[in-house]
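Source file: coords_5.txt; contents: compact mmCIF, N, CA and C atoms and all ligand atoms.
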```
# COMPACT_ATOMS: atom_id res chain seq x y z
N MET A 24 109.85 114.84 90.72
CA MET A 24 108.39 114.70 90.73
C MET A 24 107.96 113.26 90.41
N LEU A 25 108.75 112.63 89.53
CA LEU A 25 108.39 111.28 89.10
C LEU A 25 109.43 110.26 89.56
N GLY A 26 110.00 110.51 90.71
CA GLY A 26 111.07 109.64 91.22
C GLY A 26 110.66 108.20 91.43
N THR A 27 109.46 108.01 91.99
CA THR A 27 109.00 106.64 92.24
C THR A 27 108.71 105.92 90.93
N LEU A 28 108.16 106.65 89.98
CA LEU A 28 107.92 106.07 88.66
C LEU A 28 109.25 105.64 88.03
N ALA A 29 110.26 106.49 88.13
CA ALA A 29 111.58 106.17 87.57
C ALA A 29 112.14 104.90 88.21
N LYS A 30 112.02 104.82 89.52
CA LYS A 30 112.52 103.66 90.24
C LYS A 30 111.82 102.38 89.74
N TRP A 31 110.52 102.48 89.56
CA TRP A 31 109.76 101.31 89.10
C TRP A 31 110.05 100.93 87.65
N LEU A 32 110.32 101.92 86.83
CA LEU A 32 110.69 101.61 85.45
C LEU A 32 112.01 100.85 85.43
N ARG A 33 112.90 101.20 86.36
CA ARG A 33 114.17 100.47 86.48
C ARG A 33 113.95 99.06 87.01
N ILE A 34 113.05 98.92 87.96
CA ILE A 34 112.72 97.58 88.47
C ILE A 34 112.25 96.70 87.31
N LEU A 35 111.47 97.30 86.41
CA LEU A 35 110.98 96.55 85.25
C LEU A 35 112.05 96.38 84.17
N GLY A 36 113.20 96.99 84.37
CA GLY A 36 114.33 96.81 83.46
C GLY A 36 114.48 97.84 82.36
N PHE A 37 113.69 98.91 82.42
CA PHE A 37 113.81 99.95 81.40
C PHE A 37 114.95 100.91 81.73
N ASP A 38 115.71 101.23 80.70
CA ASP A 38 116.81 102.19 80.83
C ASP A 38 116.20 103.57 81.12
N THR A 39 116.33 104.02 82.36
CA THR A 39 115.62 105.21 82.82
C THR A 39 116.54 106.23 83.45
N LEU A 40 116.61 107.38 82.85
CA LEU A 40 117.42 108.46 83.39
C LEU A 40 116.49 109.40 84.16
N TYR A 41 116.91 109.81 85.34
CA TYR A 41 116.09 110.73 86.14
C TYR A 41 116.88 112.01 86.37
N VAL A 42 116.34 113.11 85.94
CA VAL A 42 117.08 114.36 86.12
C VAL A 42 116.35 115.32 87.06
N LYS A 43 117.17 116.00 87.85
CA LYS A 43 116.64 117.02 88.75
C LYS A 43 117.44 118.29 88.51
N ASN A 44 116.87 119.41 88.80
CA ASN A 44 117.57 120.69 88.69
C ASN A 44 118.25 120.88 87.34
N MET A 45 117.54 120.60 86.27
CA MET A 45 118.12 120.85 84.96
C MET A 45 117.18 121.77 84.19
N GLU A 46 117.75 122.70 83.44
CA GLU A 46 116.96 123.62 82.61
C GLU A 46 116.12 122.83 81.62
N ASP A 47 114.90 123.31 81.38
CA ASP A 47 114.01 122.64 80.43
C ASP A 47 114.66 122.39 79.08
N SER A 48 115.35 123.41 78.57
CA SER A 48 115.94 123.27 77.24
C SER A 48 117.01 122.18 77.23
N ASN A 49 117.74 122.06 78.34
CA ASN A 49 118.75 121.01 78.42
C ASN A 49 118.13 119.62 78.53
N ILE A 50 117.00 119.56 79.23
CA ILE A 50 116.30 118.27 79.35
C ILE A 50 115.84 117.82 77.96
N SER A 51 115.21 118.73 77.22
CA SER A 51 114.75 118.42 75.87
C SER A 51 115.90 117.97 74.98
N ARG A 52 117.01 118.68 75.07
CA ARG A 52 118.17 118.35 74.23
C ARG A 52 118.74 116.99 74.59
N LEU A 53 118.88 116.75 75.89
CA LEU A 53 119.43 115.47 76.36
C LEU A 53 118.55 114.31 75.88
N ALA A 54 117.25 114.49 75.98
CA ALA A 54 116.32 113.44 75.53
C ALA A 54 116.51 113.16 74.04
N ALA A 55 116.64 114.23 73.26
CA ALA A 55 116.83 114.06 71.81
C ALA A 55 118.17 113.39 71.51
N GLU A 56 119.23 113.86 72.16
CA GLU A 56 120.57 113.32 71.92
C GLU A 56 120.65 111.84 72.24
N GLU A 57 120.03 111.45 73.34
CA GLU A 57 120.13 110.05 73.77
C GLU A 57 118.95 109.22 73.28
N LYS A 58 118.13 109.83 72.40
CA LYS A 58 116.97 109.15 71.84
C LYS A 58 116.08 108.54 72.93
N ARG A 59 115.82 109.35 73.92
CA ARG A 59 114.97 108.91 75.03
C ARG A 59 113.58 109.49 74.90
N ILE A 60 112.62 108.84 75.51
CA ILE A 60 111.28 109.39 75.58
C ILE A 60 111.19 110.15 76.90
N LEU A 61 110.84 111.40 76.82
CA LEU A 61 110.74 112.19 78.04
C LEU A 61 109.40 111.96 78.73
N LEU A 62 109.44 111.65 80.00
CA LEU A 62 108.22 111.50 80.80
C LEU A 62 108.13 112.72 81.70
N THR A 63 107.04 113.40 81.63
CA THR A 63 106.95 114.62 82.43
C THR A 63 105.53 114.94 82.86
N ARG A 64 105.44 115.74 83.91
CA ARG A 64 104.15 116.25 84.35
C ARG A 64 104.09 117.75 84.09
N ASP A 65 105.08 118.22 83.35
CA ASP A 65 105.18 119.64 83.05
C ASP A 65 104.69 119.86 81.61
N ARG A 66 103.54 120.50 81.48
CA ARG A 66 102.91 120.68 80.16
C ARG A 66 103.82 121.43 79.18
N GLU A 67 104.45 122.46 79.70
CA GLU A 67 105.30 123.29 78.85
C GLU A 67 106.44 122.46 78.27
N LEU A 68 107.08 121.70 79.15
CA LEU A 68 108.19 120.85 78.74
C LEU A 68 107.70 119.77 77.77
N PHE A 69 106.53 119.26 78.04
CA PHE A 69 105.93 118.24 77.18
C PHE A 69 105.75 118.77 75.75
N PHE A 70 105.22 119.98 75.64
CA PHE A 70 104.97 120.54 74.31
C PHE A 70 106.25 120.92 73.58
N LYS A 71 107.31 121.19 74.34
CA LYS A 71 108.58 121.59 73.72
C LYS A 71 109.41 120.41 73.24
N THR A 72 109.06 119.21 73.71
CA THR A 72 109.90 118.05 73.43
C THR A 72 109.21 117.10 72.47
N PRO A 73 109.83 116.81 71.33
CA PRO A 73 109.16 115.97 70.32
C PRO A 73 108.75 114.59 70.85
N ALA A 74 109.69 113.85 71.45
CA ALA A 74 109.33 112.52 71.95
C ALA A 74 109.06 112.60 73.45
N ALA A 75 107.82 112.91 73.78
CA ALA A 75 107.49 113.07 75.19
C ALA A 75 106.14 112.46 75.53
N ILE A 76 106.03 112.02 76.76
CA ILE A 76 104.76 111.50 77.25
C ILE A 76 104.36 112.35 78.45
N TYR A 77 103.16 112.86 78.40
CA TYR A 77 102.67 113.62 79.54
C TYR A 77 101.99 112.66 80.51
N ILE A 78 102.49 112.61 81.74
CA ILE A 78 101.95 111.70 82.74
C ILE A 78 100.77 112.38 83.45
N GLU A 79 99.61 111.80 83.30
CA GLU A 79 98.40 112.42 83.86
C GLU A 79 98.15 112.06 85.32
N SER A 80 98.41 110.81 85.65
CA SER A 80 97.98 110.30 86.95
C SER A 80 98.96 110.61 88.09
N ASP A 81 98.42 110.60 89.30
CA ASP A 81 99.22 110.72 90.51
C ASP A 81 99.52 109.35 91.08
N ASN A 82 98.84 108.37 90.56
CA ASN A 82 98.91 107.03 91.12
C ASN A 82 99.98 106.21 90.39
N LEU A 83 100.87 105.59 91.16
CA LEU A 83 102.01 104.89 90.56
C LEU A 83 101.59 103.82 89.54
N GLN A 84 100.62 103.01 89.93
CA GLN A 84 100.19 101.94 89.01
C GLN A 84 99.68 102.53 87.69
N HIS A 85 98.88 103.57 87.80
CA HIS A 85 98.35 104.20 86.59
C HIS A 85 99.43 104.88 85.77
N GLN A 86 100.41 105.44 86.48
CA GLN A 86 101.53 106.08 85.77
C GLN A 86 102.30 105.04 84.95
N LEU A 87 102.56 103.89 85.55
CA LEU A 87 103.27 102.83 84.84
C LEU A 87 102.47 102.36 83.64
N GLU A 88 101.16 102.24 83.83
CA GLU A 88 100.29 101.83 82.72
C GLU A 88 100.31 102.86 81.59
N GLU A 89 100.30 104.13 81.98
CA GLU A 89 100.36 105.19 80.97
C GLU A 89 101.63 105.08 80.14
N VAL A 90 102.76 104.92 80.82
CA VAL A 90 104.05 104.84 80.12
C VAL A 90 104.08 103.65 79.18
N ILE A 91 103.68 102.50 79.69
CA ILE A 91 103.74 101.28 78.89
C ILE A 91 102.83 101.39 77.67
N ARG A 92 101.65 101.91 77.89
CA ARG A 92 100.69 102.04 76.80
C ARG A 92 101.15 103.08 75.78
N LYS A 93 101.50 104.25 76.27
CA LYS A 93 101.84 105.34 75.34
C LYS A 93 103.19 105.15 74.66
N ALA A 94 104.14 104.51 75.34
CA ALA A 94 105.45 104.29 74.72
C ALA A 94 105.44 103.04 73.85
N GLY A 95 104.39 102.25 73.97
CA GLY A 95 104.30 101.03 73.18
C GLY A 95 105.34 99.99 73.56
N VAL A 96 105.66 99.92 74.85
CA VAL A 96 106.63 98.93 75.31
C VAL A 96 105.90 97.83 76.07
N GLU A 97 106.64 96.78 76.40
CA GLU A 97 106.03 95.67 77.12
C GLU A 97 106.84 95.31 78.35
N ILE A 98 106.19 94.73 79.32
CA ILE A 98 106.91 94.22 80.49
C ILE A 98 107.50 92.88 80.09
N ASP A 99 108.83 92.79 80.19
CA ASP A 99 109.53 91.57 79.80
C ASP A 99 110.10 90.90 81.06
N ASP A 100 109.61 89.70 81.34
CA ASP A 100 110.06 88.98 82.55
C ASP A 100 111.58 88.87 82.65
N GLU A 101 112.20 88.72 81.50
CA GLU A 101 113.66 88.56 81.47
C GLU A 101 114.39 89.80 81.96
N ARG A 102 113.71 90.93 81.92
CA ARG A 102 114.39 92.19 82.26
C ARG A 102 114.06 92.71 83.64
N ILE A 103 113.09 92.09 84.29
CA ILE A 103 112.72 92.54 85.63
C ILE A 103 113.89 92.32 86.60
N LEU A 104 114.18 93.32 87.38
CA LEU A 104 115.27 93.30 88.37
C LEU A 104 116.66 93.10 87.76
N THR A 105 116.87 93.68 86.59
CA THR A 105 118.20 93.60 85.99
C THR A 105 118.96 94.92 86.10
N ARG A 106 118.31 95.94 86.67
CA ARG A 106 118.97 97.24 86.79
C ARG A 106 119.01 97.72 88.23
N CYS A 107 120.05 98.48 88.55
CA CYS A 107 120.12 99.12 89.85
C CYS A 107 119.01 100.18 89.90
N THR A 108 118.22 100.14 90.96
CA THR A 108 117.09 101.08 91.03
C THR A 108 117.56 102.51 91.35
N VAL A 109 118.79 102.62 91.81
CA VAL A 109 119.31 103.94 92.18
C VAL A 109 120.07 104.59 91.03
N CYS A 110 120.96 103.81 90.34
CA CYS A 110 121.74 104.49 89.29
C CYS A 110 121.52 103.95 87.89
N ASN A 111 120.58 103.04 87.70
CA ASN A 111 120.18 102.62 86.36
C ASN A 111 121.15 101.67 85.68
N GLU A 112 122.27 101.34 86.32
CA GLU A 112 123.23 100.41 85.73
C GLU A 112 122.66 99.00 85.70
N VAL A 113 123.10 98.21 84.73
CA VAL A 113 122.70 96.82 84.68
C VAL A 113 123.51 96.07 85.75
N VAL A 114 122.81 95.36 86.62
CA VAL A 114 123.51 94.65 87.69
C VAL A 114 124.10 93.34 87.16
N ARG A 115 125.11 92.82 87.86
CA ARG A 115 125.63 91.52 87.44
C ARG A 115 125.68 90.56 88.63
N LYS A 116 125.62 89.29 88.28
CA LYS A 116 125.60 88.26 89.30
C LYS A 116 126.95 88.18 90.00
N ILE A 117 126.93 87.98 91.31
CA ILE A 117 128.21 87.76 91.99
C ILE A 117 128.12 86.53 92.87
N ASP A 118 129.29 85.95 93.13
CA ASP A 118 129.34 84.75 93.97
C ASP A 118 128.91 85.06 95.38
N LYS A 119 128.25 84.08 95.95
CA LYS A 119 127.72 84.24 97.29
C LYS A 119 128.78 84.63 98.32
N GLU A 120 129.94 84.01 98.24
CA GLU A 120 130.97 84.29 99.26
C GLU A 120 131.39 85.76 99.28
N TYR A 121 131.26 86.41 98.12
CA TYR A 121 131.66 87.81 98.03
C TYR A 121 130.80 88.73 98.90
N VAL A 122 129.54 88.35 99.10
CA VAL A 122 128.64 89.24 99.83
C VAL A 122 128.63 88.99 101.34
N LYS A 123 129.38 87.99 101.79
CA LYS A 123 129.41 87.70 103.23
C LYS A 123 129.87 88.94 103.99
N GLY A 124 129.10 89.32 105.01
CA GLY A 124 129.44 90.51 105.79
C GLY A 124 128.94 91.80 105.17
N LYS A 125 128.48 91.72 103.91
CA LYS A 125 127.99 92.93 103.25
C LYS A 125 126.47 92.99 103.20
N VAL A 126 125.83 91.87 103.51
CA VAL A 126 124.37 91.85 103.63
C VAL A 126 124.05 91.29 105.02
N PRO A 127 122.84 91.54 105.53
CA PRO A 127 122.50 90.99 106.85
C PRO A 127 122.67 89.46 106.87
N GLU A 128 123.11 88.95 108.00
CA GLU A 128 123.43 87.53 108.12
C GLU A 128 122.26 86.62 107.70
N HIS A 129 121.02 86.98 108.13
CA HIS A 129 119.89 86.11 107.78
C HIS A 129 119.63 86.11 106.27
N VAL A 130 119.93 87.21 105.64
CA VAL A 130 119.78 87.28 104.18
C VAL A 130 120.82 86.36 103.53
N TYR A 131 122.03 86.42 104.05
CA TYR A 131 123.11 85.58 103.54
C TYR A 131 122.76 84.09 103.68
N GLN A 132 122.18 83.76 104.83
CA GLN A 132 121.82 82.36 105.09
C GLN A 132 120.70 81.87 104.17
N MET A 133 119.74 82.77 103.93
CA MET A 133 118.53 82.35 103.21
C MET A 133 118.61 82.38 101.70
N HIS A 134 119.59 83.08 101.15
CA HIS A 134 119.64 83.25 99.70
C HIS A 134 120.95 82.75 99.09
N ASP A 135 120.86 82.39 97.82
CA ASP A 135 122.06 81.92 97.13
C ASP A 135 122.42 82.78 95.92
N GLU A 136 121.44 83.57 95.48
CA GLU A 136 121.70 84.39 94.30
C GLU A 136 121.79 85.85 94.67
N PHE A 137 122.91 86.45 94.32
CA PHE A 137 123.11 87.86 94.61
C PHE A 137 123.60 88.60 93.36
N TYR A 138 123.25 89.88 93.31
CA TYR A 138 123.63 90.72 92.17
C TYR A 138 124.23 92.01 92.71
N ILE A 139 125.15 92.56 91.94
CA ILE A 139 125.77 93.82 92.40
C ILE A 139 125.70 94.87 91.29
N CYS A 140 125.54 96.11 91.71
CA CYS A 140 125.59 97.21 90.75
C CYS A 140 127.06 97.59 90.58
N PRO A 141 127.57 97.56 89.34
CA PRO A 141 128.99 97.87 89.14
C PRO A 141 129.33 99.33 89.41
N LYS A 142 128.31 100.18 89.46
CA LYS A 142 128.58 101.60 89.67
C LYS A 142 128.58 101.98 91.15
N CYS A 143 127.50 101.64 91.87
CA CYS A 143 127.42 102.08 93.27
C CYS A 143 127.71 100.95 94.27
N GLY A 144 127.81 99.71 93.79
CA GLY A 144 128.16 98.61 94.67
C GLY A 144 127.01 98.05 95.50
N ARG A 145 125.79 98.56 95.27
CA ARG A 145 124.64 98.01 95.99
C ARG A 145 124.45 96.55 95.65
N ILE A 146 124.07 95.79 96.67
CA ILE A 146 123.86 94.35 96.46
C ILE A 146 122.37 94.05 96.46
N TYR A 147 121.94 93.27 95.49
CA TYR A 147 120.52 92.93 95.35
C TYR A 147 120.32 91.43 95.46
N TRP A 148 119.17 91.06 96.01
CA TRP A 148 118.76 89.66 96.04
C TRP A 148 117.25 89.63 95.95
N ILE A 149 116.72 88.45 95.61
CA ILE A 149 115.27 88.33 95.50
C ILE A 149 114.75 88.10 96.92
N GLY A 150 114.29 89.15 97.55
CA GLY A 150 113.89 89.06 98.96
C GLY A 150 112.40 88.87 99.13
N THR A 151 111.97 89.02 100.35
CA THR A 151 110.57 88.81 100.67
C THR A 151 109.66 89.85 100.00
N HIS A 152 110.21 91.04 99.76
CA HIS A 152 109.40 92.09 99.11
C HIS A 152 109.08 91.72 97.67
N TYR A 153 109.79 90.73 97.14
CA TYR A 153 109.58 90.35 95.74
C TYR A 153 108.17 89.86 95.47
N LYS A 154 107.58 89.19 96.45
CA LYS A 154 106.20 88.69 96.29
C LYS A 154 105.22 89.84 96.04
N ASN A 155 105.37 90.89 96.84
CA ASN A 155 104.50 92.06 96.66
C ASN A 155 104.74 92.72 95.30
N MET A 156 106.01 92.73 94.92
CA MET A 156 106.39 93.29 93.65
C MET A 156 105.71 92.53 92.51
N GLU A 157 105.78 91.21 92.60
CA GLU A 157 105.16 90.35 91.58
C GLU A 157 103.65 90.59 91.49
N GLU A 158 103.02 90.73 92.65
CA GLU A 158 101.58 91.00 92.69
C GLU A 158 101.26 92.30 91.98
N PHE A 159 102.08 93.30 92.26
CA PHE A 159 101.88 94.63 91.68
C PHE A 159 102.04 94.57 90.15
N ILE A 160 103.06 93.86 89.70
CA ILE A 160 103.31 93.73 88.25
C ILE A 160 102.14 92.98 87.59
N LYS A 161 101.65 91.99 88.29
CA LYS A 161 100.51 91.23 87.77
C LYS A 161 99.28 92.13 87.59
N LYS A 162 99.07 92.99 88.57
CA LYS A 162 97.93 93.92 88.49
C LYS A 162 98.05 94.83 87.27
N ILE A 163 99.26 95.30 87.02
CA ILE A 163 99.50 96.19 85.86
C ILE A 163 99.21 95.43 84.57
N ARG A 164 99.73 94.20 84.51
CA ARG A 164 99.52 93.40 83.31
C ARG A 164 98.04 93.15 83.05
N THR A 165 97.32 92.82 84.10
CA THR A 165 95.88 92.55 83.98
C THR A 165 95.16 93.79 83.47
N SER A 166 95.52 94.92 84.06
CA SER A 166 94.88 96.16 83.69
C SER A 166 95.18 96.56 82.24
N LEU A 167 96.37 96.19 81.75
CA LEU A 167 96.77 96.56 80.38
C LEU A 167 96.19 95.62 79.33
N SER A 168 95.81 94.43 79.75
CA SER A 168 95.40 93.44 78.75
C SER A 168 93.92 93.63 78.34
ZN ZN B 1 123.82 101.39 91.49
```
Rewrite the structure from the file as structure tokens, please.
Amino acid sequence: MLGTLAKWLRILGFDTLYVKNMEDSNISRLAAEEKRILLTRDRELFFKTPAAIYIESDNLQHQLEEVIRKAGVEIDDERILTRCTVCNEVVRKIDKEYVKGKVPEHVYQMHDEFYICPKCGRIYWIGTHYKNMEEFIKKIRTSLS
């Protein structure tokens, strides 16, 4: 239900676990065991879990603002784009020559900095979509200030 929100929390560098098809009681327990804040749109689950945030909005920007405000966290520039958006692992820098043939040729030609997820092997670079991303983050910051 909150997949896009989870992806964006990872883009911002927050350690974010996303679970599907798990019993409510197991979700609550996992959150407690790993000292995580549960984000949910399920009222019942929200009331059953001590450290939980109920997400009110349907809108991604507002959802991110809710999490940041209610969890008392901040957007840290140093942490943006440090995690794999798919598996939550911290990515690491890799040498350019390593990605030859693994990313589109024009991407290889245009960029010098590449990162890899040690778990799934996805390769990341600061691409053209980054400008839109920056704009979006700026909007959130403005709205929160
Ligand atoms: Zn990954």
Worksheet item: With only N, CA and C atoms and all ligand atoms as the basis for distance, which of A:Val122, A:Val113, A:Leu61, A:Ile34 is at the shortest distance from ligand ZN 1 (chain B)?
Response: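 Selected residue with least distance to ligand ZN 1 (chain B): A:Val113.
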Practice prompt. For ligand ZN 1 (chain B), collect every residue having any atom at a distance of at most 8 Å from a ligand atom (counting only N, CA and C atoms and all ligand atoms); output as a ChimeraX atom specification.
Written response: /A:106-114,139-146
Item to complete: Determine which residues of stretch 31-167 of chain A receive a DSSP assignment of alpha helix (DSSP H), computed from the backbone, and state them as a PyMOL selection string.
Response: chain A and resi 31-34+47-56+66-71+83-94+128-133+152-167
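One distance worth recording is that between atom CA of A:Arg64 and atom CA of A:Ser80, which is 9.0 Å.
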Worksheet item: When DSSP works through the backbone of this structure, what residues of chain A end up as strand (DSSP E), shown as a count of residues only?
Response: 14
Give me the box for stretch 109-120 of chain A as AutoDock Vina command-line options, namely the centre and edge lengths in Å to one decimal of a box along x, y and z that holds every listed atom plus 3 Å on each side.
```
--center_x 125.1 --center_y 94.3 --center_z 92.0 --size_x 18.6 --size_y 26.6 --size_z 20.6
```
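Straight-line separation from atom CA of A:Ala54 to atom N of A:Ile98: 21.6 Å.
You will find atom N of A:Glu97 at 17.8 Å from atom C of A:Glu57.
Taking only N, CA and C atoms into account, A:Ile76 lies nearest to A:Glu89 out of the set A:Glu128, A:Glu89, A:Asp135, A:Glu56.
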Fill in: Best match for closeness to A:Leu25 among A:Thr72, A:Ser166, A:Asn49, A:Gln86, counting only C-alpha atoms
A:Gln86
